[in-house]
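File shown: run-v9.cif (mmCIF, N, CA and C atoms).
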```
data_data
#
loop_
_atom_site.label_atom_id
_atom_site.label_comp_id
_atom_site.auth_asym_id
_atom_site.auth_seq_id
_atom_site.Cartn_x
_atom_site.Cartn_y
_atom_site.Cartn_z
N GLN Z 1 48.56 -49.53 72.70
CA GLN Z 1 47.99 -49.78 71.39
C GLN Z 1 46.99 -48.67 71.07
N VAL Z 2 47.17 -48.05 69.93
CA VAL Z 2 46.27 -46.98 69.52
C VAL Z 2 45.02 -47.59 68.90
N GLN Z 3 43.88 -47.10 69.30
CA GLN Z 3 42.62 -47.52 68.69
C GLN Z 3 41.93 -46.33 68.09
N VAL Z 4 41.42 -46.53 66.89
CA VAL Z 4 40.71 -45.48 66.18
C VAL Z 4 39.28 -45.94 65.99
N GLY Z 5 38.33 -45.05 66.27
CA GLY Z 5 36.93 -45.43 66.14
C GLY Z 5 36.10 -44.36 65.46
N GLU Z 6 35.27 -44.80 64.52
CA GLU Z 6 34.38 -43.89 63.81
C GLU Z 6 32.95 -44.06 64.30
N SER Z 7 32.15 -43.03 64.11
CA SER Z 7 30.73 -43.11 64.40
C SER Z 7 30.00 -42.09 63.54
N GLY Z 8 28.68 -42.23 63.45
CA GLY Z 8 27.88 -41.24 62.77
C GLY Z 8 27.35 -41.64 61.41
N GLY Z 9 27.71 -42.83 60.95
CA GLY Z 9 27.19 -43.27 59.66
C GLY Z 9 25.71 -43.58 59.72
N GLY Z 10 25.13 -43.81 58.56
CA GLY Z 10 23.72 -44.16 58.52
C GLY Z 10 23.14 -44.02 57.13
N LEU Z 11 21.83 -44.03 57.07
CA LEU Z 11 21.09 -43.90 55.81
C LEU Z 11 20.57 -42.47 55.70
N VAL Z 12 20.81 -41.87 54.55
CA VAL Z 12 20.39 -40.49 54.33
C VAL Z 12 19.88 -40.35 52.91
N GLN Z 13 18.99 -39.43 52.70
CA GLN Z 13 18.45 -39.20 51.36
C GLN Z 13 19.40 -38.35 50.54
N ILE Z 14 19.25 -38.44 49.25
CA ILE Z 14 20.03 -37.61 48.32
C ILE Z 14 19.85 -36.15 48.70
N GLY Z 15 20.98 -35.45 48.75
CA GLY Z 15 20.96 -34.04 49.12
C GLY Z 15 21.04 -33.79 50.62
N GLY Z 16 20.97 -34.85 51.40
CA GLY Z 16 21.01 -34.71 52.85
C GLY Z 16 22.42 -34.56 53.39
N SER Z 17 22.52 -34.54 54.71
CA SER Z 17 23.80 -34.34 55.38
C SER Z 17 24.01 -35.38 56.48
N LEU Z 18 25.27 -35.64 56.74
CA LEU Z 18 25.67 -36.49 57.85
C LEU Z 18 26.97 -35.93 58.40
N ARG Z 19 27.20 -36.17 59.69
CA ARG Z 19 28.48 -35.81 60.27
C ARG Z 19 29.10 -37.05 60.90
N LEU Z 20 30.27 -37.41 60.40
CA LEU Z 20 31.01 -38.52 60.97
C LEU Z 20 31.99 -38.00 62.02
N SER Z 21 32.20 -38.82 63.04
CA SER Z 21 33.15 -38.48 64.09
C SER Z 21 34.21 -39.56 64.18
N CYS Z 22 35.38 -39.14 64.62
CA CYS Z 22 36.48 -40.09 64.78
C CYS Z 22 37.30 -39.71 66.00
N ALA Z 23 37.62 -40.69 66.80
CA ALA Z 23 38.46 -40.48 67.97
C ALA Z 23 39.60 -41.49 67.96
N ALA Z 24 40.74 -41.08 68.46
CA ALA Z 24 41.90 -41.96 68.56
C ALA Z 24 42.33 -42.05 70.00
N SER Z 25 42.47 -43.25 70.51
CA SER Z 25 42.87 -43.44 71.90
C SER Z 25 44.39 -43.48 71.99
N GLY Z 26 44.89 -43.47 73.18
CA GLY Z 26 46.33 -43.60 73.38
C GLY Z 26 46.99 -42.26 73.61
N ARG Z 27 46.66 -41.30 72.81
CA ARG Z 27 47.16 -39.94 72.98
C ARG Z 27 46.01 -39.01 72.65
N THR Z 28 46.21 -37.73 72.86
CA THR Z 28 45.18 -36.78 72.42
C THR Z 28 45.14 -36.77 70.90
N VAL Z 29 43.97 -36.50 70.38
CA VAL Z 29 43.80 -36.53 68.93
C VAL Z 29 44.68 -35.51 68.24
N SER Z 30 45.11 -34.47 68.97
CA SER Z 30 45.98 -33.47 68.37
C SER Z 30 47.36 -34.04 68.06
N SER Z 31 47.65 -35.23 68.60
CA SER Z 31 48.93 -35.88 68.31
C SER Z 31 48.93 -36.58 66.96
N TYR Z 32 47.79 -36.62 66.31
CA TYR Z 32 47.67 -37.35 65.06
C TYR Z 32 47.19 -36.46 63.92
N ALA Z 33 47.76 -36.69 62.75
CA ALA Z 33 47.11 -36.23 61.54
C ALA Z 33 46.02 -37.26 61.26
N MET Z 34 44.87 -36.81 60.79
CA MET Z 34 43.74 -37.71 60.60
C MET Z 34 43.25 -37.65 59.17
N GLY Z 35 42.91 -38.80 58.66
CA GLY Z 35 42.38 -38.87 57.31
C GLY Z 35 41.09 -39.67 57.26
N TRP Z 36 40.28 -39.34 56.29
CA TRP Z 36 39.07 -40.11 56.01
C TRP Z 36 39.21 -40.74 54.62
N PHE Z 37 38.89 -42.00 54.57
CA PHE Z 37 38.90 -42.74 53.32
C PHE Z 37 37.57 -43.46 53.19
N ARG Z 38 37.26 -43.91 52.00
CA ARG Z 38 36.01 -44.66 51.83
C ARG Z 38 36.22 -45.77 50.81
N GLN Z 39 35.38 -46.78 50.93
CA GLN Z 39 35.42 -47.89 50.00
C GLN Z 39 34.01 -48.32 49.68
N ALA Z 40 33.67 -48.22 48.42
CA ALA Z 40 32.36 -48.66 47.95
C ALA Z 40 32.46 -50.12 47.49
N PRO Z 41 31.35 -50.83 47.46
CA PRO Z 41 31.38 -52.24 47.03
C PRO Z 41 32.00 -52.39 45.65
N GLY Z 42 32.95 -53.30 45.54
CA GLY Z 42 33.59 -53.57 44.27
C GLY Z 42 34.60 -52.54 43.82
N LYS Z 43 34.88 -51.57 44.68
CA LYS Z 43 35.84 -50.52 44.32
C LYS Z 43 36.99 -50.49 45.30
N GLU Z 44 38.06 -49.84 44.90
CA GLU Z 44 39.21 -49.70 45.78
C GLU Z 44 38.95 -48.57 46.78
N ARG Z 45 39.66 -48.66 47.86
CA ARG Z 45 39.58 -47.60 48.87
C ARG Z 45 40.11 -46.30 48.27
N GLU Z 46 39.44 -45.20 48.58
CA GLU Z 46 39.87 -43.92 48.05
C GLU Z 46 39.93 -42.86 49.14
N PHE Z 47 40.81 -41.91 48.92
CA PHE Z 47 40.98 -40.80 49.83
C PHE Z 47 39.77 -39.87 49.76
N VAL Z 48 39.36 -39.34 50.92
CA VAL Z 48 38.25 -38.40 50.98
C VAL Z 48 38.73 -37.03 51.50
N ALA Z 49 39.32 -37.02 52.68
CA ALA Z 49 39.75 -35.76 53.29
C ALA Z 49 40.77 -36.05 54.37
N ALA Z 50 41.59 -35.04 54.69
CA ALA Z 50 42.58 -35.20 55.74
C ALA Z 50 42.84 -33.85 56.41
N ILE Z 51 43.35 -33.92 57.63
CA ILE Z 51 43.66 -32.71 58.37
C ILE Z 51 44.97 -32.92 59.11
N GLY Z 52 45.82 -31.89 59.08
CA GLY Z 52 47.11 -31.98 59.71
C GLY Z 52 47.04 -31.88 61.22
N TRP Z 53 48.21 -32.02 61.87
CA TRP Z 53 48.27 -32.07 63.31
C TRP Z 53 47.76 -30.79 63.96
N SER Z 54 48.05 -29.66 63.36
CA SER Z 54 47.62 -28.40 63.95
C SER Z 54 46.21 -28.02 63.54
N GLY Z 55 45.70 -28.70 62.53
CA GLY Z 55 44.38 -28.36 62.01
C GLY Z 55 44.42 -27.26 60.97
N GLY Z 56 45.61 -26.70 60.72
CA GLY Z 56 45.71 -25.62 59.76
C GLY Z 56 45.70 -26.08 58.32
N ASN Z 57 46.09 -27.31 58.08
CA ASN Z 57 46.13 -27.85 56.72
C ASN Z 57 45.03 -28.88 56.53
N THR Z 58 44.26 -28.68 55.50
CA THR Z 58 43.22 -29.66 55.15
C THR Z 58 43.36 -30.04 53.69
N TYR Z 59 42.93 -31.24 53.37
CA TYR Z 59 43.07 -31.78 52.02
C TYR Z 59 41.76 -32.49 51.67
N TYR Z 60 41.36 -32.37 50.40
CA TYR Z 60 40.11 -32.98 49.96
C TYR Z 60 40.28 -33.63 48.60
N ALA Z 61 39.55 -34.70 48.41
CA ALA Z 61 39.44 -35.28 47.08
C ALA Z 61 38.58 -34.35 46.23
N ASP Z 62 38.86 -34.30 44.94
CA ASP Z 62 38.10 -33.41 44.05
C ASP Z 62 36.60 -33.73 44.10
N SER Z 63 36.28 -35.00 44.28
CA SER Z 63 34.88 -35.42 44.24
C SER Z 63 34.06 -34.89 45.42
N VAL Z 64 34.73 -34.44 46.47
CA VAL Z 64 33.98 -33.98 47.65
C VAL Z 64 34.21 -32.50 47.97
N LYS Z 65 35.10 -31.87 47.24
CA LYS Z 65 35.38 -30.45 47.49
C LYS Z 65 34.11 -29.62 47.38
N GLY Z 66 33.93 -28.74 48.35
CA GLY Z 66 32.74 -27.89 48.36
C GLY Z 66 31.54 -28.53 49.02
N ARG Z 67 31.60 -29.83 49.25
CA ARG Z 67 30.47 -30.53 49.89
C ARG Z 67 30.85 -31.10 51.27
N PHE Z 68 32.08 -31.55 51.41
CA PHE Z 68 32.55 -32.13 52.66
C PHE Z 68 33.51 -31.17 53.35
N SER Z 69 33.53 -31.26 54.67
CA SER Z 69 34.43 -30.41 55.45
C SER Z 69 35.00 -31.22 56.61
N ILE Z 70 36.32 -31.20 56.74
CA ILE Z 70 36.97 -31.90 57.84
C ILE Z 70 37.41 -30.88 58.88
N SER Z 71 37.25 -31.23 60.13
CA SER Z 71 37.65 -30.32 61.20
C SER Z 71 38.04 -31.15 62.42
N ARG Z 72 38.69 -30.47 63.37
CA ARG Z 72 39.05 -31.19 64.58
C ARG Z 72 38.74 -30.33 65.79
N ASP Z 73 38.29 -30.98 66.84
CA ASP Z 73 38.04 -30.32 68.11
C ASP Z 73 38.96 -30.99 69.12
N ASN Z 74 40.11 -30.39 69.33
CA ASN Z 74 41.09 -31.02 70.20
C ASN Z 74 40.62 -31.08 71.65
N ALA Z 75 39.75 -30.17 72.05
CA ALA Z 75 39.22 -30.21 73.41
C ALA Z 75 38.37 -31.46 73.63
N LYS Z 76 37.75 -31.93 72.55
CA LYS Z 76 36.92 -33.13 72.64
C LYS Z 76 37.63 -34.34 72.08
N ASP Z 77 38.89 -34.15 71.66
CA ASP Z 77 39.66 -35.27 71.13
C ASP Z 77 38.93 -35.96 69.97
N THR Z 78 38.36 -35.16 69.09
CA THR Z 78 37.54 -35.71 68.01
C THR Z 78 37.81 -34.97 66.71
N VAL Z 79 37.78 -35.73 65.64
CA VAL Z 79 37.84 -35.17 64.29
C VAL Z 79 36.50 -35.44 63.62
N TYR Z 80 36.03 -34.49 62.85
CA TYR Z 80 34.72 -34.60 62.22
C TYR Z 80 34.84 -34.55 60.70
N LEU Z 81 33.91 -35.21 60.05
CA LEU Z 81 33.74 -35.07 58.62
C LEU Z 81 32.29 -34.70 58.39
N GLN Z 82 32.07 -33.44 58.07
CA GLN Z 82 30.73 -32.95 57.76
C GLN Z 82 30.47 -33.17 56.28
N MET Z 83 29.43 -33.92 55.99
CA MET Z 83 29.12 -34.26 54.61
C MET Z 83 27.77 -33.67 54.24
N ASN Z 84 27.78 -32.78 53.27
CA ASN Z 84 26.56 -32.12 52.79
C ASN Z 84 26.30 -32.47 51.34
N SER Z 85 25.10 -32.20 50.90
CA SER Z 85 24.71 -32.44 49.50
C SER Z 85 25.11 -33.84 49.05
N LEU Z 86 24.76 -34.80 49.85
CA LEU Z 86 25.19 -36.18 49.59
C LEU Z 86 24.56 -36.73 48.32
N LYS Z 87 25.35 -37.55 47.63
CA LYS Z 87 24.95 -38.16 46.37
C LYS Z 87 25.00 -39.68 46.52
N PRO Z 88 24.30 -40.40 45.65
CA PRO Z 88 24.37 -41.87 45.73
C PRO Z 88 25.79 -42.39 45.62
N GLU Z 89 26.64 -41.72 44.85
CA GLU Z 89 28.02 -42.18 44.70
C GLU Z 89 28.87 -41.97 45.95
N ASP Z 90 28.33 -41.31 46.95
CA ASP Z 90 29.03 -41.19 48.23
C ASP Z 90 28.79 -42.41 49.12
N THR Z 91 27.92 -43.29 48.69
CA THR Z 91 27.65 -44.51 49.45
C THR Z 91 28.91 -45.37 49.54
N ALA Z 92 29.31 -45.68 50.78
CA ALA Z 92 30.54 -46.43 51.00
C ALA Z 92 30.70 -46.67 52.49
N VAL Z 93 31.67 -47.50 52.80
CA VAL Z 93 32.14 -47.60 54.19
C VAL Z 93 33.22 -46.54 54.35
N TYR Z 94 33.08 -45.72 55.35
CA TYR Z 94 34.02 -44.64 55.60
C TYR Z 94 34.94 -45.03 56.74
N TYR Z 95 36.23 -44.88 56.49
CA TYR Z 95 37.25 -45.23 57.47
C TYR Z 95 38.02 -44.00 57.92
N CYS Z 96 38.32 -43.97 59.19
CA CYS Z 96 39.17 -42.94 59.76
C CYS Z 96 40.56 -43.53 59.98
N ALA Z 97 41.58 -42.74 59.71
CA ALA Z 97 42.95 -43.21 59.87
C ALA Z 97 43.76 -42.15 60.60
N ALA Z 98 44.75 -42.61 61.36
CA ALA Z 98 45.56 -41.69 62.18
C ALA Z 98 47.05 -41.87 61.90
N LYS Z 99 47.75 -40.76 61.90
CA LYS Z 99 49.21 -40.77 61.71
C LYS Z 99 49.85 -39.96 62.83
N PRO Z 100 50.67 -40.59 63.66
CA PRO Z 100 51.36 -39.83 64.70
C PRO Z 100 52.24 -38.74 64.09
N ARG Z 101 52.51 -37.74 64.89
CA ARG Z 101 53.30 -36.62 64.39
C ARG Z 101 54.68 -37.09 63.93
N VAL Z 102 55.10 -36.55 62.78
CA VAL Z 102 56.43 -36.83 62.24
C VAL Z 102 57.16 -35.52 62.02
N TRP Z 103 58.49 -35.63 61.85
CA TRP Z 103 59.30 -34.40 61.71
C TRP Z 103 58.97 -33.66 60.44
N THR Z 104 58.87 -34.38 59.36
CA THR Z 104 58.59 -33.74 58.08
C THR Z 104 57.49 -34.50 57.36
N SER Z 105 56.76 -33.79 56.53
CA SER Z 105 55.70 -34.43 55.75
C SER Z 105 55.46 -33.63 54.49
N ALA Z 106 54.94 -34.28 53.50
CA ALA Z 106 54.60 -33.64 52.24
C ALA Z 106 53.09 -33.75 52.03
N SER Z 107 52.55 -32.82 51.31
CA SER Z 107 51.10 -32.76 51.14
C SER Z 107 50.53 -34.06 50.58
N TYR Z 108 51.24 -34.64 49.60
CA TYR Z 108 50.70 -35.82 48.94
C TYR Z 108 50.56 -36.99 49.91
N GLN Z 109 51.36 -36.98 50.97
CA GLN Z 109 51.31 -38.11 51.90
C GLN Z 109 49.97 -38.17 52.63
N PHE Z 110 49.37 -37.04 52.88
CA PHE Z 110 48.10 -37.03 53.61
C PHE Z 110 47.01 -37.75 52.83
N THR Z 111 47.16 -37.86 51.52
CA THR Z 111 46.13 -38.49 50.71
C THR Z 111 46.39 -39.97 50.45
N ALA Z 112 47.48 -40.48 50.98
CA ALA Z 112 47.88 -41.86 50.72
C ALA Z 112 47.53 -42.75 51.91
N GLY Z 113 46.70 -43.75 51.68
CA GLY Z 113 46.31 -44.63 52.77
C GLY Z 113 47.47 -45.33 53.43
N ALA Z 114 48.48 -45.69 52.65
CA ALA Z 114 49.63 -46.43 53.19
C ALA Z 114 50.43 -45.60 54.19
N TRP Z 115 50.27 -44.29 54.17
CA TRP Z 115 51.04 -43.42 55.07
C TRP Z 115 50.55 -43.49 56.51
N TYR Z 116 49.28 -43.83 56.66
CA TYR Z 116 48.66 -43.82 57.99
C TYR Z 116 48.97 -45.12 58.74
N ASP Z 117 49.11 -44.99 60.04
CA ASP Z 117 49.52 -46.14 60.85
C ASP Z 117 48.35 -46.86 61.52
N TYR Z 118 47.28 -46.15 61.77
CA TYR Z 118 46.18 -46.75 62.53
C TYR Z 118 44.85 -46.49 61.82
N TRP Z 119 44.01 -47.50 61.84
CA TRP Z 119 42.73 -47.44 61.12
C TRP Z 119 41.58 -47.87 62.02
N GLY Z 120 40.43 -47.25 61.77
CA GLY Z 120 39.22 -47.69 62.43
C GLY Z 120 38.55 -48.82 61.67
N GLN Z 121 37.44 -49.29 62.21
CA GLN Z 121 36.72 -50.40 61.61
C GLN Z 121 35.78 -49.97 60.51
N GLY Z 122 35.49 -48.70 60.43
CA GLY Z 122 34.64 -48.20 59.38
C GLY Z 122 33.21 -48.00 59.82
N THR Z 123 32.53 -47.08 59.14
CA THR Z 123 31.11 -46.83 59.40
C THR Z 123 30.41 -46.67 58.05
N GLN Z 124 29.26 -47.30 57.92
CA GLN Z 124 28.56 -47.34 56.64
C GLN Z 124 27.77 -46.06 56.43
N VAL Z 125 27.92 -45.51 55.25
CA VAL Z 125 27.11 -44.37 54.82
C VAL Z 125 26.36 -44.80 53.56
N THR Z 126 25.05 -44.69 53.59
CA THR Z 126 24.23 -45.06 52.45
C THR Z 126 23.37 -43.87 52.06
N VAL Z 127 23.49 -43.47 50.80
CA VAL Z 127 22.72 -42.35 50.28
C VAL Z 127 21.69 -42.91 49.31
N SER Z 128 20.45 -42.68 49.61
CA SER Z 128 19.39 -43.31 48.82
C SER Z 128 18.28 -42.31 48.52
N SER Z 129 17.59 -42.58 47.43
CA SER Z 129 16.42 -41.77 47.12
C SER Z 129 15.18 -42.33 47.81
#
```
Turn this file's structure into structure tokens for me.
Amino acid sequence: QVQVGESGGGLVQIGGSLRLSCAASGRTVSSYAMGWFRQAPGKEREFVAAIGWSGGNTYYADSVKGRFSISRDNAKDTVYLQMNSLKPEDTAVYYCAAKPRVWTSASYQFTAGAWYDYWGQGTQVTVSS
């Protein structure tokens, strides 16, 4: 059974930074494409960022481009989401999701929550003044 776990959430001031981490058990993290999603109270879950199996392809929601950066350290079996210039609207529960390697994939699939097979429990990020 694959388990996905996030860490690194917390309370941060407007304009501050946080780095979220995600690890997937069962195989090395390089075996998974990884995505970050978030859900704010009263809103639907939305795509934030994703990274392909090799780490060469990254995808971002327009709302976080230029502020967030996704990366992976396969030696540490961890994927990171570096969040800078945080805004109150970034407040949400952030979820990490994993997709085992597949033969073919299209870019749009990385942004779709339904495409991912395994999900973490989420970590709260609160941006406050």
* To do: Based on DSSP run over this structure's backbone, return all residues of chain Z in helix (DSSP H, G or I), as number ranges by chain.
  => Z: 29-31, 88-90, 107-111, 113-115
| Got a sec to tell me which of chain Z DSSP assigns to strand (DSSP E), as a ChimeraX atom specification? | /Z:4-7,10-13,18-24,32-39,46-51,58-60,68-73,78-83,92-100,118-119,123-128
Closest of Z:Val12, Z:Ala23, Z:Val93, Z:Ala33 to Lys76 in chain Z, counting only N, CA and C atoms, is Z:Ala23
Name every residue that the PyMOL selection byres ((chain Z and resi 90) around 8) selects in this structure, writing the answer as number ranges by chain with chains first and numbers rising.
-> Z: 39-40, 86-89, 91-93, 125-127
Subject >> Matched chain/residue IDs from the PyMOL selection byres ((chain Z and resi 51-54) around 8), as a VMD selection string >> reply: chain Z and resid 29 to 36 49 to 50 55 to 60 70 to 72 100 to 101 110
request  = Output the residue selection produced by the PyMOL selection byres (((chain Z and resi 16 and name CA) around 10) and name CA) on the file above, formatted as a list in words.
outcome  = Leu11, Val12, Gln13, Ile14, Gly15, Ser17, Leu18, Met83, Asn84, Ser85, Leu86, Lys87, Val127 and Ser128 of chain Z
